[in-house]
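Participant: What follows is protein.cif; its format and atoms are mmCIF, N, CA and C atoms.
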```
data_my_file
#
loop_
_atom_site.label_atom_id
_atom_site.label_comp_id
_atom_site.auth_asym_id
_atom_site.auth_seq_id
_atom_site.Cartn_x
_atom_site.Cartn_y
_atom_site.Cartn_z
N MET A 13 110.07 121.87 75.53
CA MET A 13 108.78 122.16 76.11
C MET A 13 108.98 122.89 77.43
N SER A 14 108.47 124.03 77.55
CA SER A 14 108.63 124.82 78.75
C SER A 14 107.73 124.30 79.87
N GLY A 15 108.30 124.16 81.08
CA GLY A 15 107.52 123.75 82.23
C GLY A 15 107.24 122.26 82.31
N VAL A 16 107.88 121.46 81.46
CA VAL A 16 107.65 120.02 81.47
C VAL A 16 108.98 119.32 81.66
N GLU A 17 109.03 118.38 82.59
CA GLU A 17 110.24 117.62 82.81
C GLU A 17 109.87 116.16 82.86
N GLN A 18 110.62 115.33 82.13
CA GLN A 18 110.36 113.89 82.13
C GLN A 18 111.20 113.23 83.20
N ALA A 19 110.66 112.19 83.78
CA ALA A 19 111.38 111.44 84.81
C ALA A 19 111.60 110.02 84.34
N PRO A 20 112.76 109.74 83.75
CA PRO A 20 113.03 108.37 83.37
C PRO A 20 113.44 107.54 84.58
N THR A 21 112.98 106.34 84.65
CA THR A 21 113.41 105.39 85.66
C THR A 21 113.28 104.02 85.01
N THR A 22 113.77 103.02 85.60
CA THR A 22 113.81 101.70 85.00
C THR A 22 112.45 101.31 84.42
N GLY A 23 112.37 101.23 83.09
CA GLY A 23 111.18 100.72 82.45
C GLY A 23 110.08 101.69 82.09
N PHE A 24 110.14 102.94 82.56
CA PHE A 24 109.08 103.86 82.18
C PHE A 24 109.52 105.31 82.35
N SER A 25 108.78 106.19 81.70
CA SER A 25 108.98 107.62 81.87
C SER A 25 107.60 108.26 82.04
N LEU A 26 107.56 109.34 82.79
CA LEU A 26 106.31 109.99 83.12
C LEU A 26 106.54 111.50 82.98
N VAL A 27 105.54 112.20 82.47
CA VAL A 27 105.63 113.65 82.32
C VAL A 27 104.67 114.30 83.31
N LEU A 28 105.19 115.24 84.08
CA LEU A 28 104.40 116.02 85.02
C LEU A 28 104.66 117.48 84.66
N THR A 29 103.64 118.18 84.19
CA THR A 29 103.85 119.57 83.78
C THR A 29 104.19 120.45 84.97
N GLY A 30 104.73 121.60 84.70
CA GLY A 30 105.06 122.54 85.76
C GLY A 30 103.85 122.91 86.59
N ARG A 31 102.72 123.13 85.94
CA ARG A 31 101.49 123.48 86.64
C ARG A 31 101.05 122.35 87.57
N ALA A 32 101.13 121.11 87.09
CA ALA A 32 100.76 119.96 87.92
C ALA A 32 101.72 119.83 89.10
N ALA A 33 103.01 120.04 88.87
CA ALA A 33 104.00 119.95 89.95
C ALA A 33 103.73 121.00 91.03
N GLU A 34 103.34 122.19 90.62
CA GLU A 34 103.01 123.25 91.59
C GLU A 34 101.85 122.82 92.48
N GLU A 35 100.82 122.25 91.87
CA GLU A 35 99.66 121.80 92.63
C GLU A 35 100.02 120.66 93.59
N VAL A 36 100.86 119.76 93.13
CA VAL A 36 101.30 118.66 93.98
C VAL A 36 102.02 119.22 95.21
N GLN A 37 102.90 120.20 95.00
CA GLN A 37 103.62 120.80 96.13
C GLN A 37 102.66 121.46 97.12
N LYS A 38 101.60 122.08 96.62
CA LYS A 38 100.59 122.68 97.51
C LYS A 38 99.92 121.60 98.35
N PHE A 39 99.57 120.48 97.72
CA PHE A 39 98.93 119.38 98.44
C PHE A 39 99.87 118.79 99.49
N ILE A 40 101.14 118.65 99.16
CA ILE A 40 102.12 118.13 100.12
C ILE A 40 102.20 119.05 101.33
N SER A 41 102.21 120.35 101.10
CA SER A 41 102.24 121.32 102.21
C SER A 41 101.00 121.20 103.08
N GLN A 42 99.84 121.04 102.45
CA GLN A 42 98.58 120.93 103.18
C GLN A 42 98.50 119.65 104.00
N GLU A 43 99.09 118.58 103.49
CA GLU A 43 99.03 117.29 104.18
C GLU A 43 99.97 117.22 105.38
N GLN A 44 100.89 118.16 105.48
CA GLN A 44 101.86 118.21 106.57
C GLN A 44 102.65 116.91 106.69
N VAL A 45 103.16 116.45 105.57
CA VAL A 45 104.01 115.26 105.53
C VAL A 45 105.46 115.73 105.38
N PRO A 46 106.44 114.90 105.72
CA PRO A 46 107.85 115.30 105.61
C PRO A 46 108.23 115.59 104.16
N VAL A 47 108.58 116.82 103.88
CA VAL A 47 108.88 117.25 102.51
C VAL A 47 110.04 116.46 101.91
N GLU A 48 111.03 116.09 102.73
CA GLU A 48 112.21 115.39 102.22
C GLU A 48 111.92 113.97 101.75
N SER A 49 110.82 113.36 102.20
CA SER A 49 110.52 111.98 101.78
C SER A 49 109.18 111.85 101.08
N ALA A 50 108.32 112.86 101.17
CA ALA A 50 106.96 112.77 100.62
C ALA A 50 106.97 112.86 99.10
N GLY A 51 105.88 112.38 98.51
CA GLY A 51 105.74 112.46 97.06
C GLY A 51 104.34 112.14 96.61
N LEU A 52 104.17 112.19 95.31
CA LEU A 52 102.89 111.89 94.68
C LEU A 52 102.88 110.44 94.22
N ARG A 53 101.92 109.67 94.72
CA ARG A 53 101.74 108.31 94.22
C ARG A 53 100.79 108.37 93.03
N VAL A 54 101.26 107.88 91.90
CA VAL A 54 100.44 107.76 90.70
C VAL A 54 100.23 106.28 90.48
N SER A 55 98.96 105.87 90.43
CA SER A 55 98.70 104.45 90.26
C SER A 55 97.53 104.22 89.32
N VAL A 56 97.45 103.01 88.85
CA VAL A 56 96.35 102.55 88.00
C VAL A 56 95.65 101.44 88.76
N LEU A 57 94.34 101.57 88.87
CA LEU A 57 93.54 100.59 89.60
C LEU A 57 92.48 100.00 88.69
N PRO A 58 92.12 98.74 88.91
CA PRO A 58 90.99 98.18 88.16
C PRO A 58 89.72 98.93 88.54
N GLY A 59 88.88 99.18 87.55
CA GLY A 59 87.62 99.87 87.81
C GLY A 59 87.39 101.02 86.86
N GLY A 60 86.47 101.87 87.21
CA GLY A 60 86.14 103.00 86.34
C GLY A 60 85.23 102.56 85.21
N CYS A 61 84.84 103.51 84.41
CA CYS A 61 83.90 103.27 83.30
C CYS A 61 84.48 102.36 82.22
N SER A 62 85.82 102.41 82.05
CA SER A 62 86.43 101.72 80.92
C SER A 62 87.35 100.56 81.29
N GLY A 63 87.45 100.22 82.56
CA GLY A 63 88.27 99.09 82.96
C GLY A 63 89.38 99.44 83.93
N PHE A 64 90.03 100.60 83.73
CA PHE A 64 91.08 101.06 84.62
C PHE A 64 90.82 102.51 84.97
N LYS A 65 91.30 102.90 86.16
CA LYS A 65 91.18 104.30 86.55
C LYS A 65 92.48 104.75 87.19
N TYR A 66 92.75 106.05 87.08
CA TYR A 66 93.94 106.64 87.67
C TYR A 66 93.67 106.98 89.13
N SER A 67 94.72 106.94 89.93
CA SER A 67 94.63 107.34 91.32
C SER A 67 95.84 108.19 91.66
N LEU A 68 95.62 109.30 92.35
CA LEU A 68 96.68 110.18 92.81
C LEU A 68 96.54 110.35 94.31
N ASN A 69 97.63 110.16 95.03
CA ASN A 69 97.63 110.32 96.48
C ASN A 69 98.96 110.92 96.92
N ILE A 70 98.92 111.73 97.97
CA ILE A 70 100.14 112.22 98.59
C ILE A 70 100.53 111.21 99.65
N GLU A 71 101.79 110.77 99.62
CA GLU A 71 102.25 109.78 100.58
C GLU A 71 103.52 110.28 101.27
N GLU A 72 103.71 109.84 102.50
CA GLU A 72 104.87 110.26 103.30
C GLU A 72 106.19 109.74 102.75
N ARG A 73 106.16 108.54 102.17
CA ARG A 73 107.38 107.93 101.67
C ARG A 73 107.02 106.84 100.67
N PRO A 74 107.97 106.46 99.82
CA PRO A 74 107.68 105.37 98.88
C PRO A 74 107.65 104.03 99.59
N LEU A 75 106.97 103.08 98.98
CA LEU A 75 107.01 101.70 99.47
C LEU A 75 108.30 101.05 98.96
N GLU A 76 108.67 99.94 99.55
CA GLU A 76 109.93 99.30 99.24
C GLU A 76 110.11 98.95 97.75
N ASP A 77 109.03 98.52 97.10
CA ASP A 77 109.14 98.09 95.70
C ASP A 77 108.71 99.15 94.69
N ASP A 78 108.53 100.39 95.12
CA ASP A 78 108.12 101.48 94.22
C ASP A 78 109.27 101.93 93.32
N ARG A 79 108.90 102.44 92.19
CA ARG A 79 109.83 103.16 91.32
C ARG A 79 109.69 104.62 91.69
N VAL A 80 110.78 105.27 92.01
CA VAL A 80 110.77 106.65 92.47
C VAL A 80 111.47 107.52 91.45
N SER A 81 110.79 108.60 91.04
CA SER A 81 111.35 109.53 90.07
C SER A 81 111.28 110.95 90.60
N GLU A 82 112.27 111.73 90.24
CA GLU A 82 112.24 113.17 90.52
C GLU A 82 111.70 113.84 89.27
N VAL A 83 110.58 114.56 89.40
CA VAL A 83 109.95 115.21 88.26
C VAL A 83 109.59 116.64 88.65
N ASN A 84 110.13 117.60 87.91
CA ASN A 84 109.81 119.02 88.15
C ASN A 84 109.92 119.40 89.63
N GLY A 85 110.96 118.93 90.29
CA GLY A 85 111.21 119.31 91.67
C GLY A 85 110.45 118.51 92.71
N GLY A 86 109.69 117.51 92.29
CA GLY A 86 108.94 116.68 93.24
C GLY A 86 109.22 115.21 93.00
N ARG A 87 108.80 114.41 93.94
CA ARG A 87 108.99 112.96 93.83
C ARG A 87 107.69 112.29 93.42
N VAL A 88 107.83 111.30 92.53
CA VAL A 88 106.68 110.53 92.06
C VAL A 88 106.94 109.07 92.39
N PHE A 89 105.95 108.41 93.01
CA PHE A 89 106.04 107.00 93.37
C PHE A 89 105.10 106.20 92.49
N VAL A 90 105.62 105.12 91.88
CA VAL A 90 104.80 104.27 91.02
C VAL A 90 105.09 102.81 91.34
N ASP A 91 104.04 102.02 91.56
CA ASP A 91 104.21 100.59 91.82
C ASP A 91 104.42 99.86 90.49
N GLY A 92 104.93 98.65 90.58
CA GLY A 92 105.25 97.86 89.38
C GLY A 92 104.06 97.59 88.48
N PHE A 93 102.90 97.27 89.05
CA PHE A 93 101.71 97.02 88.24
C PHE A 93 101.34 98.26 87.44
N SER A 94 101.33 99.41 88.08
CA SER A 94 100.92 100.65 87.43
C SER A 94 101.91 101.12 86.37
N ALA A 95 103.19 100.85 86.58
CA ALA A 95 104.23 101.34 85.67
C ALA A 95 103.99 100.89 84.23
N GLN A 96 103.48 99.69 84.04
CA GLN A 96 103.25 99.19 82.68
C GLN A 96 102.20 100.01 81.92
N TYR A 97 101.30 100.66 82.66
CA TYR A 97 100.26 101.47 82.03
C TYR A 97 100.59 102.96 82.01
N LEU A 98 101.65 103.36 82.71
CA LEU A 98 101.96 104.78 82.85
C LEU A 98 103.14 105.25 82.00
N THR A 99 103.75 104.36 81.22
CA THR A 99 104.86 104.77 80.37
C THR A 99 104.39 105.83 79.37
N GLY A 100 105.03 106.98 79.42
CA GLY A 100 104.71 108.06 78.48
C GLY A 100 103.50 108.89 78.86
N VAL A 101 102.87 108.64 79.99
CA VAL A 101 101.71 109.41 80.42
C VAL A 101 102.13 110.83 80.77
N SER A 102 101.30 111.78 80.38
CA SER A 102 101.51 113.18 80.73
C SER A 102 100.39 113.61 81.68
N ILE A 103 100.79 114.16 82.83
CA ILE A 103 99.82 114.63 83.82
C ILE A 103 99.90 116.15 83.87
N ASP A 104 98.76 116.79 83.72
CA ASP A 104 98.69 118.24 83.76
C ASP A 104 97.64 118.64 84.79
N TYR A 105 97.63 119.92 85.13
CA TYR A 105 96.59 120.46 86.00
C TYR A 105 95.92 121.59 85.24
N VAL A 106 94.63 121.50 85.06
CA VAL A 106 93.90 122.52 84.32
C VAL A 106 92.85 123.17 85.21
N SER A 107 92.60 124.43 84.93
CA SER A 107 91.60 125.18 85.68
C SER A 107 90.75 125.94 84.67
N SER A 108 89.43 125.80 84.79
CA SER A 108 88.53 126.49 83.88
C SER A 108 87.26 126.85 84.65
N MET A 109 86.34 127.50 83.97
CA MET A 109 85.07 127.86 84.60
C MET A 109 84.27 126.62 85.00
N GLN A 110 84.55 125.50 84.35
CA GLN A 110 83.82 124.27 84.64
C GLN A 110 84.44 123.48 85.77
N GLY A 111 85.59 123.90 86.27
CA GLY A 111 86.24 123.20 87.36
C GLY A 111 87.73 123.10 87.14
N SER A 112 88.41 122.51 88.09
CA SER A 112 89.85 122.33 87.97
C SER A 112 90.23 120.95 88.46
N GLY A 113 91.35 120.46 87.96
CA GLY A 113 91.81 119.15 88.39
C GLY A 113 92.92 118.63 87.50
N PHE A 114 93.42 117.48 87.85
CA PHE A 114 94.49 116.84 87.09
C PHE A 114 93.90 116.13 85.87
N THR A 115 94.64 116.21 84.76
CA THR A 115 94.24 115.52 83.54
C THR A 115 95.36 114.58 83.11
N PHE A 116 95.00 113.53 82.39
CA PHE A 116 95.95 112.51 81.96
C PHE A 116 95.89 112.37 80.45
N SER A 117 97.06 112.34 79.84
CA SER A 117 97.17 112.02 78.42
C SER A 117 97.99 110.74 78.35
N ASN A 118 97.34 109.64 77.95
CA ASN A 118 97.97 108.33 78.00
C ASN A 118 98.08 107.71 76.61
N PRO A 119 99.32 107.61 76.08
CA PRO A 119 99.49 107.00 74.76
C PRO A 119 99.23 105.50 74.75
N ASN A 120 99.14 104.88 75.92
CA ASN A 120 98.89 103.44 76.02
C ASN A 120 97.40 103.10 76.00
N ALA A 121 96.56 104.10 76.19
CA ALA A 121 95.12 103.87 76.25
C ALA A 121 94.57 103.56 74.86
N THR A 122 93.76 102.52 74.78
CA THR A 122 93.12 102.18 73.51
C THR A 122 91.69 102.69 73.47
N GLY A 123 91.22 103.20 74.60
CA GLY A 123 89.87 103.75 74.67
C GLY A 123 89.68 104.44 76.00
N GLY A 124 88.58 105.11 76.14
CA GLY A 124 88.27 105.81 77.37
C GLY A 124 86.82 106.24 77.35
N CYS A 125 86.46 107.08 78.30
CA CYS A 125 85.10 107.59 78.33
C CYS A 125 85.15 109.08 78.65
N GLY A 126 84.03 109.68 78.72
CA GLY A 126 83.93 111.12 78.92
C GLY A 126 84.39 111.62 80.28
N CYS A 127 84.54 110.73 81.25
CA CYS A 127 84.92 111.18 82.60
C CYS A 127 86.36 111.67 82.66
N GLY A 128 87.23 111.19 81.75
CA GLY A 128 88.61 111.64 81.71
C GLY A 128 89.53 110.96 82.71
N SER A 129 89.00 110.13 83.58
CA SER A 129 89.88 109.46 84.55
C SER A 129 89.80 107.95 84.45
N SER A 130 89.22 107.45 83.37
CA SER A 130 89.09 106.03 83.14
C SER A 130 89.58 105.71 81.73
N PHE A 131 90.21 104.53 81.58
CA PHE A 131 90.72 104.17 80.25
C PHE A 131 90.74 102.67 80.06
N THR A 132 90.91 102.27 78.80
CA THR A 132 91.06 100.89 78.39
C THR A 132 92.46 100.73 77.84
N ALA A 133 93.12 99.63 78.15
CA ALA A 133 94.47 99.40 77.62
C ALA A 133 94.53 98.04 76.95
#
```
Please render this file's structure as structure tokens.
Facilitator:
Amino acid sequence: MSGVEQAPTTGFSLVLTGRAAEEVQKFISQEQVPVESAGLRVSVLPGGCSGFKYSLNIEERPLEDDRVSEVNGGRVFVDGFSAQYLTGVSIDYVSSMQGSGFTFSNPNATGGCGCGSSFTA
């Protein structure tokens, strides 16, 4: 698969497409955080239309108990709770006339809703 790199780490793997990685790097530059330690935090939080929702944040450094992966030239931080729901998730960045943003393809989801950022597991 061109432009896609998987990041295996203890207990899970995550896919971040090349397009998504480019956007993450732009956000890191805009946030003015230290490039050598900064990364994208991907997490799952209770809430949303279907029970869980995704959260993406740029952070200066990982927390002590985070799982850290190198994906497509960037760092991804995932906490232990979120890791169980993020195994095999693919994150892409899409742009269309209707808007642009990150999208999630989650093989662990048993349901979801039209918003695209909420799921049931």
Participant: Check which residues satisfy the PyMOL selection byres (((chain A and resi 89 and name CA) around 8) and name CA) in the file shown, then give them as a ChimeraX atom specification.
Facilitator: /A:51-54,74,78-81,87-88,90-91
Participant: As an exercise, work out the distance from atom N of A:Ile70 to atom CA of A:Ile40 in Å and give it to one decimal place.
Facilitator: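 Between atom N of A:Ile70 and atom CA of A:Ile40 the gap works out to 7.5 Å.
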Participant: Please determine, counting only N, CA and C atoms, which residue among A:Glu43, A:Gly111, A:Val56, A:Arg73 has the shortest atom-to-atom distance to A:Ala95.
Facilitator: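 Once distances to A:Ala95 are computed over only N, CA and C atoms, the minimum belongs to A:Val56.
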Participant: What is the atom CA of A:Gly100 to atom CA of A:Pro58 distance in Å?
Facilitator: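 Computing the Euclidean distance for atom CA of A:Gly100 and atom CA of A:Pro58 yields 19.5 Å.
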Participant: Rounded to one decimal in Å, what is the spacing between atom CA of A:Thr29 and atom CA of A:Ile103?
Facilitator: 6.4 Å
Participant: Could you give me the residues within stretch 34-114 of chain A that DSSP places in alpha helix (DSSP H), as a PDB file with N, CA and C atoms, in the frame of the given file?
Facilitator:
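File result24.pdb, as written:
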```
ATOM      1  N   GLU A  34     103.340 122.190  90.620  1.00  0.00           N
ATOM      2  CA  GLU A  34     103.010 123.250  91.590  1.00  0.00           C
ATOM      3  C   GLU A  34     101.850 122.820  92.480  1.00  0.00           C
ATOM      4  N   GLU A  35     100.820 122.250  91.870  1.00  0.00           N
ATOM      5  CA  GLU A  35      99.660 121.800  92.630  1.00  0.00           C
ATOM      6  C   GLU A  35     100.020 120.660  93.590  1.00  0.00           C
ATOM      7  N   VAL A  36     100.860 119.760  93.130  1.00  0.00           N
ATOM      8  CA  VAL A  36     101.300 118.660  93.980  1.00  0.00           C
ATOM      9  C   VAL A  36     102.020 119.220  95.210  1.00  0.00           C
ATOM     10  N   GLN A  37     102.900 120.200  95.000  1.00  0.00           N
ATOM     11  CA  GLN A  37     103.620 120.800  96.130  1.00  0.00           C
ATOM     12  C   GLN A  37     102.660 121.460  97.120  1.00  0.00           C
ATOM     13  N   LYS A  38     101.600 122.080  96.620  1.00  0.00           N
ATOM     14  CA  LYS A  38     100.590 122.680  97.510  1.00  0.00           C
ATOM     15  C   LYS A  38      99.920 121.600  98.350  1.00  0.00           C
ATOM     16  N   PHE A  39      99.570 120.480  97.720  1.00  0.00           N
ATOM     17  CA  PHE A  39      98.930 119.380  98.440  1.00  0.00           C
ATOM     18  C   PHE A  39      99.870 118.790  99.490  1.00  0.00           C
ATOM     19  N   ILE A  40     101.140 118.650  99.160  1.00  0.00           N
ATOM     20  CA  ILE A  40     102.120 118.130 100.120  1.00  0.00           C
ATOM     21  C   ILE A  40     102.200 119.050 101.330  1.00  0.00           C
ATOM     22  N   SER A  41     102.210 120.350 101.100  1.00  0.00           N
ATOM     23  CA  SER A  41     102.240 121.320 102.210  1.00  0.00           C
ATOM     24  C   SER A  41     101.000 121.200 103.080  1.00  0.00           C
ATOM     25  N   GLN A  42      99.840 121.040 102.450  1.00  0.00           N
ATOM     26  CA  GLN A  42      98.580 120.930 103.180  1.00  0.00           C
ATOM     27  C   GLN A  42      98.500 119.650 104.000  1.00  0.00           C
ATOM     28  N   GLU A  43      99.090 118.580 103.490  1.00  0.00           N
ATOM     29  CA  GLU A  43      99.030 117.290 104.180  1.00  0.00           C
ATOM     30  C   GLU A  43      99.970 117.220 105.380  1.00  0.00           C
ATOM     31  N   GLY A  92     104.930  98.650  90.580  1.00  0.00           N
ATOM     32  CA  GLY A  92     105.250  97.860  89.380  1.00  0.00           C
ATOM     33  C   GLY A  92     104.060  97.590  88.480  1.00  0.00           C
ATOM     34  N   PHE A  93     102.900  97.270  89.050  1.00  0.00           N
ATOM     35  CA  PHE A  93     101.710  97.020  88.240  1.00  0.00           C
ATOM     36  C   PHE A  93     101.340  98.260  87.440  1.00  0.00           C
ATOM     37  N   SER A  94     101.330  99.410  88.080  1.00  0.00           N
ATOM     38  CA  SER A  94     100.920 100.650  87.430  1.00  0.00           C
ATOM     39  C   SER A  94     101.910 101.120  86.370  1.00  0.00           C
ATOM     40  N   ALA A  95     103.190 100.850  86.580  1.00  0.00           N
ATOM     41  CA  ALA A  95     104.230 101.340  85.670  1.00  0.00           C
ATOM     42  C   ALA A  95     103.990 100.890  84.230  1.00  0.00           C
ATOM     43  N   GLN A  96     103.480  99.690  84.040  1.00  0.00           N
ATOM     44  CA  GLN A  96     103.250  99.190  82.680  1.00  0.00           C
ATOM     45  C   GLN A  96     102.200 100.010  81.920  1.00  0.00           C
ATOM     46  N   TYR A  97     101.300 100.660  82.660  1.00  0.00           N
ATOM     47  CA  TYR A  97     100.260 101.470  82.030  1.00  0.00           C
ATOM     48  C   TYR A  97     100.590 102.960  82.010  1.00  0.00           C
ATOM     49  N   LEU A  98     101.650 103.360  82.710  1.00  0.00           N
ATOM     50  CA  LEU A  98     101.960 104.780  82.850  1.00  0.00           C
ATOM     51  C   LEU A  98     103.140 105.250  82.000  1.00  0.00           C
TER      52      LEU A  98
END
```
Participant: Using all atoms listed in the file, which of A:Leu98, A:Gly86, A:Tyr105, A:Glu72 sits nearest A:Asn120?
Facilitator: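 Nearest candidate to A:Asn120 out of A:Leu98, A:Gly86, A:Tyr105, A:Glu72: A:Leu98.
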Participant: Can you tell me, as JSON, numbers by chain, what residues are no more than 6 Å from A:Asp104 when counting all atoms listed in the file, ignoring any on the same chain fewer than 3 positions away?
Facilitator: {"A": [28, 29, 31, 32, 113, 114, 115, 116]}
Participant: Within stretch 26-124 of chain A, find each residue whose DSSP state, derived from the backbone, is strand (DSSP E), and express the selection as a PyMOL selection string.
Facilitator: chain A and resi 26-29+51-58+64-71+79-83+86-90+102-108+111-117+123-124
